[in-house]
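Taking it in order: structure first as structure tokens, then the write-up.
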Amino acid sequence: MTQYDYIAIGAGSAGCVVVNRLTEDPETTVLLLEAGNPDTKPEIHIPADCLKLLGSEVDWGYFSEPEPYLNDRTIFYPRGKVLGGSSSINFLLYIRGNPHDYDRWQELGNPGWSYQSVLPYFKKSEHQQRGADDYHGVDGELNVTDLTVRAPTSQRFVDACVAMGYDRNPDFNATQQEGAGFYQMTVKDGKRHSTAAAFLTPILERPNLTVQTDALVTRLLFEGTRVIGVEYLHAGKIHQVRVNREVILSAGAIDSPKLLMLSGIGDAEHLQAMGISVVADLPGVGQNLQDHILVPAVYRATQALHLTTTNSGIGEAGLFLQSEGKIDVAPDLQFFCCAIPWLPPGYSPVDWGFTGVVSLTHPQNSGSVALRSSEPKDAPIVRLNYLQTRSDVQKLVAGIQLLRNLFHSDFLDEFRGEEVAPGTDVQTGEALEAYVREVCTTMYHPVGTCKMGTDSMAVVDPELRVRGVEGLRVVDASIMPTITTGNTNAPTIMIGEKAADLIKSASQLQFSRSSLPLRRSTRWKQ
């Protein structure tokens, strides 16, 4: 059986980072397994084409179960299935979250995860095109930049926010998060800069790295409670590989808990019901699913808003605010101004339009991921429980009302046509609440299903080691005990950076150097 020092499962936002850092040591051999294929689809690399990727062959295309608080609607739940993972299909926004997010993680029993502890890892990854300062780095692989072309409505949206009394914020990732400004994006030379483009493609020729695409991992292999390897399906055949040191599970907030459960790690009662032998009884696996919820307000535009489709983004400008006026807490609402008519299902399309989106940064609900069966190819059962509390509905209603006020300011008169959604006939509080339940959907930011901590529902410890077993870590957004304030790609990359240091430190303490022969990369092997 072929052996590697490390086996990483999932070439997404965290997995590509970990693999890059571990293979810096030429004596360390790493196998990276990715269920998807190489990132050759042209739309991946065009920032404004990201909506075309949803539901395509590079998307797992999950759906939730019927949601009881959303009139039993199912929610489309895209996840990247390609090199780069969801960083290859996301909206490219670079938002780190709020310092309070990470200080809260530490307060929950996770030393080393405070804001001051994680800030160096954000800076390490980053090549900030504005230059280096106390909050930004320029020596990292990930290009973070301002857009070279912006829709005129994006500038007018920021001006309207400032006129309404909100601070003008030149950098959501520096001294404060609240206020209105322009989002920076992970773009380089006009193209998407996913973690595959930033961290993986440049190192494919490292002889100690093997990358296997189209490889669906079906289970982890154990001797007792120690992970000794993995089993995966490729080209219709089952393969097994052995690990000398650790398996690093970076399959994301949906598929990481799924694979743990398929391998016998999870709630014992659930596993037994699926006919799976229990290796470790961890009831928290698949629980604590958190996400950001969004609702759009869409207007017809009086004219085309973009000069090109290649050098523009979807959500170019935005606003963070604390709707309850609380001090020393993170914003609870995030807004986006999009230069496209991003209409909910069921609304008639328009040629030109712009959209305001309000998102709850810290919803009160939590959901879950469970196995549908013991068959690895079966999609898991995803329950979101959106809008379980009326306070979440009320905040989204208030957000829609604020968007209406902003879009009806003098700054947007030149571009504003009729309101398409919710529509001018939707005015009362009751009607707006019904609209919110009818159209709210995911912001594509699932986290928390293998949460880090020390309580009985924690899945990993503060060093991201899975409790109850040896030789296994989870390194992706699923380890977040609470969701961050804003888009989750940058925090997930940070998790990958910090995890790599944790893994290296453990290796120095516990293992001698491997004498295994080096292997060439097989990125394009299908």
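In the structure tokens, chains take the letters A, B, ... in the order shown, each chain's residues start at 1, and ligands count up from 1 in the order shown.
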
Query raised in the report: Could you pull the residues within 8 Å of Asp59 (chain A), counting only C-alpha atoms, minus those fewer than 5 positions along the same chain, as a VMD selection string?
Result: chain A and resid 53 to 54 78 to 82 89

Requested in this report: DSSP on the backbone, then: every residue of region 273-358 of chain A marked strand (DSSP E), written as a VMD selection string.
Outcome: chain A and resid 280 to 281 293 to 301 315 to 321 333 to 338 353 to 358

Those residues with N, CA and C atoms, as a PDB file, in the first residue's frame please?
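Generated file (part_5.pdb):
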```
ATOM      1  N   ALA A 280     -15.712   6.402  17.330  1.00  0.00           N
ATOM      2  CA  ALA A 280     -15.712   7.422  18.376  1.00  0.00           C
ATOM      3  C   ALA A 280     -17.095   8.040  18.451  1.00  0.00           C
ATOM      4  N   ASP A 281     -17.687   8.033  19.643  1.00  0.00           N
ATOM      5  CA  ASP A 281     -19.018   8.599  19.857  1.00  0.00           C
ATOM      6  C   ASP A 281     -18.875  10.103  20.104  1.00  0.00           C
ATOM      7  N   ILE A 293     -27.799  34.408   6.233  1.00  0.00           N
ATOM      8  CA  ILE A 293     -29.056  34.394   5.498  1.00  0.00           C
ATOM      9  C   ILE A 293     -29.200  35.717   4.755  1.00  0.00           C
ATOM     10  N   LEU A 294     -29.619  35.667   3.500  1.00  0.00           N
ATOM     11  CA  LEU A 294     -29.759  36.898   2.725  1.00  0.00           C
ATOM     12  C   LEU A 294     -31.165  37.057   2.168  1.00  0.00           C
ATOM     13  N   VAL A 295     -31.519  38.328   1.938  1.00  0.00           N
ATOM     14  CA  VAL A 295     -32.771  38.692   1.258  1.00  0.00           C
ATOM     15  C   VAL A 295     -32.448  39.840   0.304  1.00  0.00           C
ATOM     16  N   PRO A 296     -32.903  39.769  -0.948  1.00  0.00           N
ATOM     17  CA  PRO A 296     -32.613  40.836  -1.913  1.00  0.00           C
ATOM     18  C   PRO A 296     -33.759  41.832  -2.080  1.00  0.00           C
ATOM     19  N   ALA A 297     -33.375  43.035  -2.482  1.00  0.00           N
ATOM     20  CA  ALA A 297     -34.318  44.026  -3.003  1.00  0.00           C
ATOM     21  C   ALA A 297     -33.802  44.416  -4.383  1.00  0.00           C
ATOM     22  N   VAL A 298     -34.636  44.253  -5.408  1.00  0.00           N
ATOM     23  CA  VAL A 298     -34.174  44.369  -6.793  1.00  0.00           C
ATOM     24  C   VAL A 298     -34.914  45.500  -7.501  1.00  0.00           C
ATOM     25  N   TYR A 299     -34.145  46.302  -8.240  1.00  0.00           N
ATOM     26  CA  TYR A 299     -34.697  47.421  -9.003  1.00  0.00           C
ATOM     27  C   TYR A 299     -34.314  47.287 -10.471  1.00  0.00           C
ATOM     28  N   ARG A 300     -35.256  47.647 -11.322  1.00  0.00           N
ATOM     29  CA  ARG A 300     -34.935  47.776 -12.737  1.00  0.00           C
ATOM     30  C   ARG A 300     -34.033  49.003 -12.914  1.00  0.00           C
ATOM     31  N   ALA A 301     -33.022  48.879 -13.768  1.00  0.00           N
ATOM     32  CA  ALA A 301     -32.127  50.001 -14.045  1.00  0.00           C
ATOM     33  C   ALA A 301     -32.550  50.702 -15.335  1.00  0.00           C
ATOM     34  N   GLY A 315     -20.855  41.725  -5.956  1.00  0.00           N
ATOM     35  CA  GLY A 315     -21.109  42.631  -4.844  1.00  0.00           C
ATOM     36  C   GLY A 315     -19.943  43.580  -4.663  1.00  0.00           C
ATOM     37  N   GLU A 316     -20.012  44.757  -5.249  1.00  0.00           N
ATOM     38  CA  GLU A 316     -18.862  45.656  -5.275  1.00  0.00           C
ATOM     39  C   GLU A 316     -18.783  46.575  -4.065  1.00  0.00           C
ATOM     40  N   ALA A 317     -19.932  47.001  -3.556  1.00  0.00           N
ATOM     41  CA  ALA A 317     -19.972  47.943  -2.434  1.00  0.00           C
ATOM     42  C   ALA A 317     -20.841  47.366  -1.333  1.00  0.00           C
ATOM     43  N   GLY A 318     -20.630  47.868  -0.129  1.00  0.00           N
ATOM     44  CA  GLY A 318     -21.406  47.315   0.981  1.00  0.00           C
ATOM     45  C   GLY A 318     -21.407  48.179   2.210  1.00  0.00           C
ATOM     46  N   LEU A 319     -22.091  47.666   3.213  1.00  0.00           N
ATOM     47  CA  LEU A 319     -22.279  48.362   4.481  1.00  0.00           C
ATOM     48  C   LEU A 319     -22.373  47.331   5.590  1.00  0.00           C
ATOM     49  N   PHE A 320     -21.668  47.566   6.685  1.00  0.00           N
ATOM     50  CA  PHE A 320     -21.833  46.801   7.914  1.00  0.00           C
ATOM     51  C   PHE A 320     -22.431  47.734   8.960  1.00  0.00           C
ATOM     52  N   LEU A 321     -23.393  47.229   9.723  1.00  0.00           N
ATOM     53  CA  LEU A 321     -23.939  48.050  10.805  1.00  0.00           C
ATOM     54  C   LEU A 321     -24.429  47.187  11.948  1.00  0.00           C
ATOM     55  N   LEU A 333     -25.727  43.153  10.731  1.00  0.00           N
ATOM     56  CA  LEU A 333     -26.232  43.192   9.373  1.00  0.00           C
ATOM     57  C   LEU A 333     -25.101  43.562   8.411  1.00  0.00           C
ATOM     58  N   GLN A 334     -25.085  42.906   7.273  1.00  0.00           N
ATOM     59  CA  GLN A 334     -24.160  43.211   6.193  1.00  0.00           C
ATOM     60  C   GLN A 334     -24.975  43.433   4.923  1.00  0.00           C
ATOM     61  N   PHE A 335     -24.607  44.465   4.160  1.00  0.00           N
ATOM     62  CA  PHE A 335     -25.327  44.808   2.933  1.00  0.00           C
ATOM     63  C   PHE A 335     -24.375  44.756   1.741  1.00  0.00           C
ATOM     64  N   PHE A 336     -24.952  44.462   0.584  1.00  0.00           N
ATOM     65  CA  PHE A 336     -24.212  44.431  -0.666  1.00  0.00           C
ATOM     66  C   PHE A 336     -25.003  45.221  -1.704  1.00  0.00           C
ATOM     67  N   CYS A 337     -24.276  45.931  -2.548  1.00  0.00           N
ATOM     68  CA  CYS A 337     -24.891  46.549  -3.714  1.00  0.00           C
ATOM     69  C   CYS A 337     -24.356  45.835  -4.942  1.00  0.00           C
ATOM     70  N   CYS A 338     -25.230  45.201  -5.683  1.00  0.00           N
ATOM     71  CA  CYS A 338     -24.848  44.371  -6.833  1.00  0.00           C
ATOM     72  C   CYS A 338     -25.377  45.013  -8.114  1.00  0.00           C
ATOM     73  N   GLY A 353     -30.604  45.855 -14.276  1.00  0.00           N
ATOM     74  CA  GLY A 353     -31.091  46.077 -12.927  1.00  0.00           C
ATOM     75  C   GLY A 353     -29.961  46.106 -11.930  1.00  0.00           C
ATOM     76  N   PHE A 354     -30.288  46.474 -10.704  1.00  0.00           N
ATOM     77  CA  PHE A 354     -29.319  46.404  -9.615  1.00  0.00           C
ATOM     78  C   PHE A 354     -30.035  45.894  -8.375  1.00  0.00           C
ATOM     79  N   THR A 355     -29.253  45.350  -7.469  1.00  0.00           N
ATOM     80  CA  THR A 355     -29.808  44.627  -6.329  1.00  0.00           C
ATOM     81  C   THR A 355     -29.129  45.075  -5.049  1.00  0.00           C
ATOM     82  N   GLY A 356     -29.922  45.273  -4.033  1.00  0.00           N
ATOM     83  CA  GLY A 356     -29.397  45.425  -2.680  1.00  0.00           C
ATOM     84  C   GLY A 356     -29.669  44.146  -1.921  1.00  0.00           C
ATOM     85  N   VAL A 357     -28.678  43.671  -1.205  1.00  0.00           N
ATOM     86  CA  VAL A 357     -28.824  42.440  -0.432  1.00  0.00           C
ATOM     87  C   VAL A 357     -28.573  42.763   1.025  1.00  0.00           C
ATOM     88  N   VAL A 358     -29.442  42.295   1.894  1.00  0.00           N
ATOM     89  CA  VAL A 358     -29.213  42.369   3.333  1.00  0.00           C
ATOM     90  C   VAL A 358     -28.965  40.960   3.845  1.00  0.00           C
TER      91      VAL A 358
END
```

Query - Spatial neighbours of Thr484 (chain A), 10 Å, only C-alpha atoms, chain gap at least 5 places, as an MDAnalysis selection string - result: chainID A and resid 95:102 105 290:292 330 361:362 445 447 477 491

Requested in this report: Output as a PyMOL selection string all residues of region 181-416 of chain A that backbone DSSP marks as alpha helix (DSSP H).
Outcome: chain A and resi 195+252-262+268-273+390-407

Residues from last step as file, N, CA and C atoms, as a short mmCIF file (atom, residue, chain, number, x, y, z; two decimals), in the first residue's frame:
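The new file result28.cif reads:
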```cif
data_model
loop_
_atom_site.label_atom_id
_atom_site.label_comp_id
_atom_site.auth_asym_id
_atom_site.auth_seq_id
_atom_site.Cartn_x
_atom_site.Cartn_y
_atom_site.Cartn_z
N THR A 195 -7.85 29.72 -4.08
CA THR A 195 -6.72 29.12 -3.37
C THR A 195 -5.99 28.12 -4.25
N GLY A 252 -14.84 20.63 3.94
CA GLY A 252 -15.86 21.66 4.10
C GLY A 252 -16.93 21.30 5.10
N ALA A 253 -17.79 22.29 5.39
CA ALA A 253 -18.75 22.16 6.48
C ALA A 253 -19.86 21.16 6.21
N ILE A 254 -20.02 20.72 4.97
CA ILE A 254 -21.00 19.68 4.67
C ILE A 254 -20.32 18.32 4.57
N ASP A 255 -19.23 18.25 3.83
CA ASP A 255 -18.63 16.95 3.56
C ASP A 255 -17.64 16.48 4.60
N SER A 256 -17.08 17.37 5.41
CA SER A 256 -16.21 16.88 6.49
C SER A 256 -16.99 16.08 7.53
N PRO A 257 -18.11 16.61 8.05
CA PRO A 257 -18.88 15.77 8.97
C PRO A 257 -19.43 14.52 8.32
N LYS A 258 -19.80 14.61 7.04
CA LYS A 258 -20.29 13.43 6.34
C LYS A 258 -19.24 12.33 6.34
N LEU A 259 -17.99 12.66 6.00
CA LEU A 259 -16.96 11.64 5.94
C LEU A 259 -16.63 11.11 7.33
N LEU A 260 -16.64 11.97 8.34
CA LEU A 260 -16.42 11.48 9.70
C LEU A 260 -17.47 10.43 10.06
N MET A 261 -18.72 10.73 9.75
CA MET A 261 -19.79 9.79 10.09
C MET A 261 -19.68 8.50 9.28
N LEU A 262 -19.37 8.61 8.01
CA LEU A 262 -19.17 7.40 7.20
C LEU A 262 -18.05 6.53 7.76
N ALA A 268 -23.35 8.10 18.18
CA ALA A 268 -23.40 6.63 18.11
C ALA A 268 -24.76 6.12 17.66
N GLU A 269 -25.81 6.72 18.16
CA GLU A 269 -27.16 6.26 17.80
C GLU A 269 -27.41 6.44 16.31
N HIS A 270 -27.00 7.58 15.76
CA HIS A 270 -27.19 7.84 14.33
C HIS A 270 -26.36 6.87 13.50
N LEU A 271 -25.11 6.64 13.90
CA LEU A 271 -24.24 5.74 13.15
C LEU A 271 -24.79 4.32 13.16
N GLN A 272 -25.25 3.87 14.30
CA GLN A 272 -25.80 2.52 14.39
C GLN A 272 -27.04 2.37 13.53
N ALA A 273 -27.85 3.44 13.46
CA ALA A 273 -29.04 3.40 12.62
C ALA A 273 -28.68 3.28 11.14
N ARG A 390 -38.33 35.01 15.50
CA ARG A 390 -38.94 36.15 14.82
C ARG A 390 -38.00 37.35 14.80
N SER A 391 -37.07 37.42 15.75
CA SER A 391 -36.13 38.55 15.76
C SER A 391 -35.28 38.56 14.49
N ASP A 392 -34.93 37.37 13.97
CA ASP A 392 -34.18 37.31 12.72
C ASP A 392 -35.02 37.85 11.57
N VAL A 393 -36.30 37.49 11.54
CA VAL A 393 -37.19 38.00 10.49
C VAL A 393 -37.28 39.51 10.57
N GLN A 394 -37.44 40.03 11.77
CA GLN A 394 -37.60 41.48 11.94
C GLN A 394 -36.35 42.24 11.51
N LYS A 395 -35.18 41.68 11.77
CA LYS A 395 -33.94 42.34 11.35
C LYS A 395 -33.84 42.38 9.83
N LEU A 396 -34.24 41.30 9.17
CA LEU A 396 -34.21 41.29 7.71
C LEU A 396 -35.23 42.25 7.13
N VAL A 397 -36.39 42.36 7.74
CA VAL A 397 -37.38 43.34 7.30
C VAL A 397 -36.82 44.75 7.43
N ALA A 398 -36.18 45.03 8.56
CA ALA A 398 -35.57 46.35 8.75
C ALA A 398 -34.49 46.60 7.71
N GLY A 399 -33.76 45.55 7.35
CA GLY A 399 -32.74 45.70 6.33
C GLY A 399 -33.31 46.03 4.97
N ILE A 400 -34.43 45.39 4.60
CA ILE A 400 -35.09 45.70 3.34
C ILE A 400 -35.59 47.15 3.33
N GLN A 401 -36.14 47.59 4.45
CA GLN A 401 -36.61 48.97 4.53
C GLN A 401 -35.45 49.95 4.39
N LEU A 402 -34.30 49.63 4.98
CA LEU A 402 -33.13 50.49 4.84
C LEU A 402 -32.66 50.53 3.39
N LEU A 403 -32.64 49.37 2.73
CA LEU A 403 -32.23 49.34 1.32
C LEU A 403 -33.17 50.21 0.48
N ARG A 404 -34.45 50.15 0.75
CA ARG A 404 -35.38 50.98 0.01
C ARG A 404 -35.06 52.46 0.20
N ASN A 405 -34.77 52.85 1.42
CA ASN A 405 -34.44 54.25 1.68
C ASN A 405 -33.16 54.66 0.94
N LEU A 406 -32.17 53.78 0.95
CA LEU A 406 -30.91 54.09 0.27
C LEU A 406 -31.12 54.20 -1.24
N PHE A 407 -31.86 53.27 -1.81
CA PHE A 407 -32.04 53.26 -3.26
C PHE A 407 -32.98 54.36 -3.74
#
```

Query raised in the report: With only C-alpha atoms as the atoms that count, which of A:Ala174, A:Val187, A:Val17, A:Val350 lies nearest to Leu200 (chain A)?
Result: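 Distance minimum relative to Leu200 (chain A) lands on A:Val17.
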
Query - Contact residues around Asp501 (chain A) with only C-alpha atoms at 10 Å, ignoring same-chain residues under 2 positions, as a PyMOL selection string - result: chain A and resi 18+21-22+121+463+496-499+503-507

Write the selection just made, keeping C-alpha atoms, as a PDB file, in the first residue's frame?
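After the write, result15.pdb holds the following:
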```
ATOM      1  CA  VAL A  18      -2.126  23.394   4.254  1.00  0.00           C
ATOM      2  CA  ARG A  21       2.901  24.905   3.713  1.00  0.00           C
ATOM      3  CA  LEU A  22       3.575  21.246   4.505  1.00  0.00           C
ATOM      4  CA  TYR A 121      -1.970  34.375   9.748  1.00  0.00           C
ATOM      5  CA  GLU A 463      -5.313  22.278  17.851  1.00  0.00           C
ATOM      6  CA  GLY A 496      -5.446  26.628   6.934  1.00  0.00           C
ATOM      7  CA  GLU A 497      -2.425  28.807   7.720  1.00  0.00           C
ATOM      8  CA  LYS A 498      -2.681  28.332  11.467  1.00  0.00           C
ATOM      9  CA  ALA A 499      -3.356  24.606  11.133  1.00  0.00           C
ATOM     10  CA  ILE A 503       0.777  20.319  12.310  1.00  0.00           C
ATOM     11  CA  LYS A 504       4.420  21.241  11.811  1.00  0.00           C
ATOM     12  CA  SER A 505       4.897  21.798  15.530  1.00  0.00           C
ATOM     13  CA  ALA A 506       3.366  18.416  16.319  1.00  0.00           C
ATOM     14  CA  SER A 507       5.578  16.767  13.729  1.00  0.00           C
TER      15      SER A 507
END
```

Query raised in the report: What is the CA of Arg206 (chain A)-CA of Thr23 (chain A) distance in Å, reported with one decimal?
Result: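 Rounded to one decimal, the two atoms are 7.5 Å apart.
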
Query raised in the report: Quick one: residues within 12 Å of Arg104 (chain A), only C-alpha atoms counted, chain neighbours fewer than 5 positions away excluded, as a ChimeraX atom specification?
Result: /A:98-99,109-115,329-330,453,480-485

Written file, previous selection with N, CA and C atoms, as a compact mmCIF listing (two decimals), in the first residue's frame:
```
# COMPACT_ATOMS: atom_id res chain seq x y z
N ASN A 98 -14.86 40.12 12.20
CA ASN A 98 -14.69 41.15 13.22
C ASN A 98 -13.77 40.64 14.33
N PRO A 99 -12.93 41.50 14.92
CA PRO A 99 -12.08 41.04 16.03
C PRO A 99 -12.85 40.35 17.14
N GLY A 109 -13.11 28.68 25.04
CA GLY A 109 -12.20 27.61 25.43
C GLY A 109 -11.20 27.21 24.37
N ASN A 110 -10.85 28.15 23.50
CA ASN A 110 -9.92 27.87 22.41
C ASN A 110 -8.72 28.82 22.46
N PRO A 111 -7.77 28.56 23.36
CA PRO A 111 -6.60 29.44 23.45
C PRO A 111 -5.83 29.46 22.14
N GLY A 112 -5.29 30.62 21.81
CA GLY A 112 -4.54 30.78 20.58
C GLY A 112 -5.37 31.20 19.40
N TRP A 113 -6.67 31.45 19.61
CA TRP A 113 -7.55 31.82 18.50
C TRP A 113 -8.13 33.22 18.67
N SER A 114 -7.55 34.05 19.53
CA SER A 114 -8.00 35.43 19.66
C SER A 114 -7.64 36.21 18.40
N TYR A 115 -8.19 37.41 18.29
CA TYR A 115 -7.90 38.21 17.10
C TYR A 115 -6.42 38.50 16.96
N VAL A 329 -19.71 45.27 20.15
CA VAL A 329 -20.14 43.98 19.60
C VAL A 329 -20.01 44.07 18.08
N ALA A 330 -20.00 42.93 17.44
CA ALA A 330 -19.84 42.90 15.99
C ALA A 330 -21.12 43.35 15.30
N GLY A 453 -13.50 23.20 20.36
CA GLY A 453 -13.83 23.56 21.74
C GLY A 453 -13.47 22.46 22.71
N MET A 480 -15.25 26.23 12.99
CA MET A 480 -15.64 27.48 13.64
C MET A 480 -16.69 27.22 14.71
N PRO A 481 -16.45 27.61 15.96
CA PRO A 481 -17.50 27.44 16.97
C PRO A 481 -18.68 28.38 16.76
N THR A 482 -18.38 29.58 16.24
CA THR A 482 -19.42 30.54 15.87
C THR A 482 -19.03 31.17 14.54
N ILE A 483 -20.01 31.57 13.77
CA ILE A 483 -19.74 32.10 12.44
C ILE A 483 -19.12 33.49 12.52
N THR A 484 -18.28 33.81 11.57
CA THR A 484 -17.64 35.12 11.54
C THR A 484 -18.57 36.15 10.92
N THR A 485 -18.25 37.42 11.15
CA THR A 485 -19.07 38.53 10.68
C THR A 485 -18.69 38.89 9.26
```
